[in-house]
>>> print(open('start37.tsv').read())   # TSV, C-alpha atoms
chain	number	residue	atom	x	y	z
A	1	MET	CA	-17.83	24.06	-0.74
A	2	GLU	CA	-15.80	21.09	0.40
A	3	ASN	CA	-15.09	20.01	-3.16
A	4	LEU	CA	-14.28	23.50	-4.47
A	5	PHE	CA	-10.59	22.60	-4.35
A	6	PHE	CA	-9.51	19.00	-4.79
A	7	LEU	CA	-6.57	18.71	-2.45
A	8	GLY	CA	-5.80	15.00	-2.45
A	9	THR	CA	-3.70	13.90	-5.40
A	10	TRP	CA	-2.74	15.62	-8.63
A	11	ASN	CA	-1.61	13.72	-11.73
A	12	GLY	CA	-1.79	10.52	-9.70
A	13	LYS	CA	1.00	11.71	-7.38
A	14	LYS	CA	0.55	11.50	-3.65
A	15	ARG	CA	0.85	14.74	-1.72
A	16	LYS	CA	3.50	15.24	0.91
A	17	ASN	CA	2.02	15.35	4.39
A	18	ARG	CA	2.93	18.74	5.82
A	19	GLY	CA	1.15	18.03	9.09
A	20	LEU	CA	-1.93	19.97	8.00
A	21	SER	CA	-5.11	18.46	6.69
A	22	ILE	CA	-8.72	19.25	5.99
A	23	LYS	CA	-11.80	17.18	6.82
A	24	MET	CA	-13.68	15.86	3.86
A	25	LYS	CA	-16.78	13.67	3.64
A	26	LYS	CA	-17.03	10.74	6.06
A	27	GLY	CA	-14.43	12.29	8.39
A	28	LYS	CA	-11.45	11.44	6.18
A	29	LEU	CA	-8.48	13.77	6.43
A	30	ILE	CA	-6.68	14.86	3.30
A	31	PRO	CA	-3.37	16.72	3.58
A	32	LEU	CA	-3.70	20.41	2.81
A	33	THR	CA	-2.00	21.36	-0.45
A	34	THR	CA	-0.02	24.59	-0.58
A	35	PRO	CA	-0.45	26.98	-3.48
A	36	GLY	CA	3.24	26.44	-4.21
A	37	GLU	CA	2.68	22.73	-4.71
A	38	ILE	CA	-0.07	23.50	-7.22
A	39	LEU	CA	2.22	25.95	-8.97
A	40	LYS	CA	5.01	23.37	-9.22
A	41	GLU	CA	3.00	20.25	-10.03
A	42	GLU	CA	0.25	21.71	-12.22
A	43	PHE	CA	2.03	24.52	-14.03
A	44	ILE	CA	5.82	24.35	-13.91
A	45	ASP	CA	6.44	20.58	-14.18
A	46	PRO	CA	3.88	19.79	-16.92
A	47	LEU	CA	5.41	22.50	-19.11
A	48	ASN	CA	8.90	21.08	-18.50
A	49	LEU	CA	10.08	24.41	-17.12
A	50	GLN	CA	12.86	24.97	-14.62
A	51	ASP	CA	12.16	27.01	-11.48
A	52	LYS	CA	14.99	29.39	-12.37
A	53	GLU	CA	13.53	29.98	-15.84
A	54	VAL	CA	10.14	30.81	-14.38
A	55	ALA	CA	11.61	33.13	-11.75
A	56	LYS	CA	13.55	34.99	-14.43
A	57	ALA	CA	10.48	35.30	-16.67
A	58	LEU	CA	8.45	36.60	-13.72
A	59	GLY	CA	11.15	39.11	-12.81
A	60	ILE	CA	11.53	37.80	-9.26
A	61	PRO	CA	14.45	36.24	-7.38
A	62	HIS	CA	14.70	32.46	-7.62
A	63	SER	CA	14.71	32.29	-3.82
A	64	ARG	CA	11.25	33.89	-3.71
A	65	LEU	CA	9.79	31.34	-6.13
A	66	SER	CA	11.52	28.49	-4.33
A	67	GLU	CA	10.09	29.58	-0.98
A	68	ILE	CA	6.59	29.69	-2.49
A	69	ILE	CA	7.00	26.23	-4.01
A	70	HIS	CA	8.19	24.78	-0.69
A	71	GLY	CA	5.37	26.39	1.30
A	72	LYS	CA	7.64	28.76	3.20
A	73	ARG	CA	6.19	31.90	1.61
A	74	SER	CA	2.71	33.01	0.59
A	75	ILE	CA	1.68	34.21	-2.83
A	76	THR	CA	1.38	37.99	-2.64
A	77	VAL	CA	-0.73	40.25	-4.85
A	78	ASP	CA	2.41	41.17	-6.81
A	79	THR	CA	3.33	37.53	-7.36
A	80	ALA	CA	-0.27	36.61	-8.25
A	81	ILE	CA	-0.28	39.24	-11.00
A	82	ARG	CA	3.05	38.01	-12.34
A	83	LEU	CA	1.95	34.34	-12.27
A	84	SER	CA	-1.35	35.17	-13.95
A	85	ARG	CA	0.37	37.00	-16.79
A	86	PHE	CA	2.90	34.23	-17.34
A	87	PHE	CA	0.54	31.24	-17.07
A	88	ARG	CA	-2.50	33.01	-18.60
A	89	THR	CA	-4.65	32.62	-15.52
A	90	THR	CA	-6.08	35.34	-13.30
A	91	PRO	CA	-4.60	36.97	-10.20
A	92	GLU	CA	-7.78	35.89	-8.40
A	93	PHE	CA	-6.97	32.23	-9.08
A	94	TRP	CA	-3.71	32.49	-7.16
A	95	LEU	CA	-5.02	34.77	-4.42
A	96	ASN	CA	-8.16	32.68	-3.85
A	97	TYR	CA	-6.09	29.54	-3.54
A	98	GLN	CA	-3.71	31.25	-1.11
A	99	ASN	CA	-6.62	32.59	0.96
A	100	HIS	CA	-8.31	29.19	0.99
A	101	TYR	CA	-5.09	27.58	2.18
A	102	ASN	CA	-4.55	30.24	4.88
A	103	LEU	CA	-8.12	29.88	6.15
A	104	GLN	CA	-7.98	26.08	6.33
A	105	LYS	CA	-4.58	26.16	8.02
A	106	GLU	CA	-5.68	28.70	10.62
A	107	GLN	CA	-8.91	26.87	11.39
A	108	GLU	CA	-7.11	23.59	11.87
A	109	LEU	CA	-4.23	24.92	13.92
A	110	HIS	CA	-6.32	27.12	16.21
A	111	SER	CA	-9.80	25.55	16.15
A	112	GLN	CA	-10.02	25.31	19.96
A	113	LYS	CA	-9.32	29.03	20.31
A	114	PHE	CA	-12.31	29.84	18.11
A	115	LEU	CA	-14.73	27.48	19.88
A	116	VAL	CA	-14.87	29.72	22.97
A	117	ILE	CA	-16.39	32.56	20.91
A	118	LYS	CA	-20.14	32.65	21.43
A	119	PRO	CA	-22.21	33.74	18.42
A	120	PHE	CA	-24.00	37.08	18.78
A	121	SER	CA	-27.64	36.79	19.73
A	122	ARG	CA	-29.91	39.80	19.27
A	123	ARG	CA	-32.47	38.20	21.62
A	124	LYS	CA	-29.90	37.94	24.39
A	125	LYS	CA	-28.76	41.53	23.78
A	126	LEU	CA	-32.33	42.79	23.94
A	127	GLY	CA	-33.08	40.75	27.07
A	128	ILE	CA	-35.60	38.45	25.37
A	129	LYS	CA	-35.85	35.09	27.10
A	130	VAL	CA	-35.53	32.09	24.84
>>> encode(input="start37.tsv", output="structure tokens")
Amino acid sequence: MENLFFLGTWNGKKRKNRGLSIKMKKGKLIPLTTPGEILKEEFIDPLNLQDKEVAKALGIPHSRLSEIIHGKRSITVDTAIRLSRFFRTTPEFWLNYQNHYNLQKEQELHSQKFLVIKPFSRRKKLGIKV
């Protein structure tokens, strides 16, 4: 699953370090890429489109698209449907990427909080000694 999303570089460009990263093989950390960065660098820029043009075609305010691109706003179901229609992808593509990003971000930022949770053990619940 680690290589499901390549989050290092795209088109030979280095990613901006947003302070978040994921662990890959051999303990290397790669900055976490926002769905907005993918939108901008893999869809908008290669097609030589302007952000304002895309926002207008999607029927959304430019500020909304700009916030997504800059990682200040998540891709919603509504936006995913609009993006999928415009770029001929699927809503699931955008939502899966957003969910993957959210999960990685949460796990990294709050990993210590989750370590205190002990996994459920049926044996312990039933009083069976291990």
>>> residues_around(input="start37.tsv", residues="A:Val77", least_positions_apart="2", cutoff="10 Å", atoms="all atoms listed in the file", output="list in words")
Ser74, Ile75, Thr79, Ala80, Ile81, Arg82, Leu83, Pro91, Glu92, Trp94 and Leu95 of chain A
>>> closest_residue(input="start37.tsv", among="A:His70, A:Lys105, A:Arg85, A:Lys113", to="A:Ala57", atoms="only C-alpha atoms")
A:Arg85
>>> closest_residue(input="start37.tsv", among="A:Asn96, A:Thr90, A:Ser66, A:Asn102", to="A:Ile44", atoms="all atoms listed in the file")
A:Ser66
>>> atom_distance(input="start37.tsv", atom1="atom CA of A:Thr34", atom2="atom CA of A:Asp51")
16.5 Å
>>> atom_distance(input="start37.tsv", atom1="atom CA of A:Lys40", atom2="atom CA of A:Glu106")
23.2 Å
>>> atom_distance(input="start37.tsv", atom1="atom CA of A:Val54", atom2="atom CA of A:Pro31")
26.5 Å
>>> closest_residue(input="start37.tsv", among="A:Gln98, A:Ser63, A:Thr33, A:Gln107", to="A:Thr76", atoms="all atoms listed in the file")
A:Gln98
>>> axis_aligned_box(input="start37.tsv", around="stretch 55-59 of chain A", padding_each_side="5 Å", output="AutoDock Vina command-line options")
--center_x 11.0 --center_y 36.1 --center_z -14.2 --size_x 15.1 --size_y 16.0 --size_z 14.9
>>> build_atoms(input="start37.tsv", residues="stretch 89-104 of chain A", atoms="N, CA, C and O atoms", output="short mmCIF file (atom, residue, chain, number, x, y, z; two decimals), in the coordinates of the input")
data_model
loop_
_atom_site.label_atom_id
_atom_site.label_comp_id
_atom_site.auth_asym_id
_atom_site.auth_seq_id
_atom_site.Cartn_x
_atom_site.Cartn_y
_atom_site.Cartn_z
N THR A 89 -3.56 32.87 -16.46
CA THR A 89 -4.65 32.62 -15.52
C THR A 89 -5.11 33.99 -15.05
O THR A 89 -4.92 34.97 -15.75
N THR A 90 -5.69 34.06 -13.88
CA THR A 90 -6.08 35.34 -13.30
C THR A 90 -5.39 35.52 -11.96
O THR A 90 -5.06 34.52 -11.30
N PRO A 91 -5.17 36.76 -11.53
CA PRO A 91 -4.60 36.97 -10.20
C PRO A 91 -5.52 36.37 -9.11
O PRO A 91 -5.04 35.85 -8.11
N GLU A 92 -6.81 36.43 -9.37
CA GLU A 92 -7.78 35.89 -8.40
C GLU A 92 -7.59 34.40 -8.18
O GLU A 92 -7.80 33.90 -7.08
N PHE A 93 -7.22 33.67 -9.23
CA PHE A 93 -6.97 32.23 -9.08
C PHE A 93 -5.93 31.99 -8.00
O PHE A 93 -6.12 31.19 -7.10
N TRP A 94 -4.81 32.69 -8.10
CA TRP A 94 -3.71 32.49 -7.16
C TRP A 94 -4.05 33.02 -5.78
O TRP A 94 -3.74 32.37 -4.77
N LEU A 95 -4.68 34.18 -5.72
CA LEU A 95 -5.02 34.77 -4.42
C LEU A 95 -6.11 33.98 -3.71
O LEU A 95 -6.06 33.79 -2.49
N ASN A 96 -7.10 33.50 -4.45
CA ASN A 96 -8.16 32.68 -3.85
C ASN A 96 -7.59 31.39 -3.29
O ASN A 96 -7.98 30.94 -2.21
N TYR A 97 -6.69 30.78 -4.03
CA TYR A 97 -6.09 29.54 -3.54
C TYR A 97 -5.26 29.81 -2.28
O TYR A 97 -5.32 29.06 -1.31
N GLN A 98 -4.51 30.90 -2.29
CA GLN A 98 -3.71 31.25 -1.11
C GLN A 98 -4.61 31.54 0.08
O GLN A 98 -4.35 31.08 1.19
N ASN A 99 -5.69 32.29 -0.13
CA ASN A 99 -6.62 32.59 0.96
C ASN A 99 -7.30 31.34 1.48
O ASN A 99 -7.50 31.19 2.69
N HIS A 100 -7.69 30.46 0.58
CA HIS A 100 -8.31 29.19 0.99
C HIS A 100 -7.34 28.38 1.85
O HIS A 100 -7.72 27.87 2.91
N TYR A 101 -6.11 28.30 1.42
CA TYR A 101 -5.09 27.58 2.18
C TYR A 101 -4.89 28.21 3.56
O TYR A 101 -4.87 27.52 4.58
N ASN A 102 -4.76 29.54 3.61
CA ASN A 102 -4.55 30.24 4.88
C ASN A 102 -5.72 30.01 5.83
O ASN A 102 -5.51 29.79 7.03
N LEU A 103 -6.94 30.07 5.32
CA LEU A 103 -8.12 29.88 6.15
C LEU A 103 -8.17 28.46 6.72
O LEU A 103 -8.39 28.26 7.92
N GLN A 104 -7.96 27.47 5.87
CA GLN A 104 -7.98 26.08 6.33
C GLN A 104 -6.89 25.82 7.37
O GLN A 104 -7.12 25.16 8.38
#
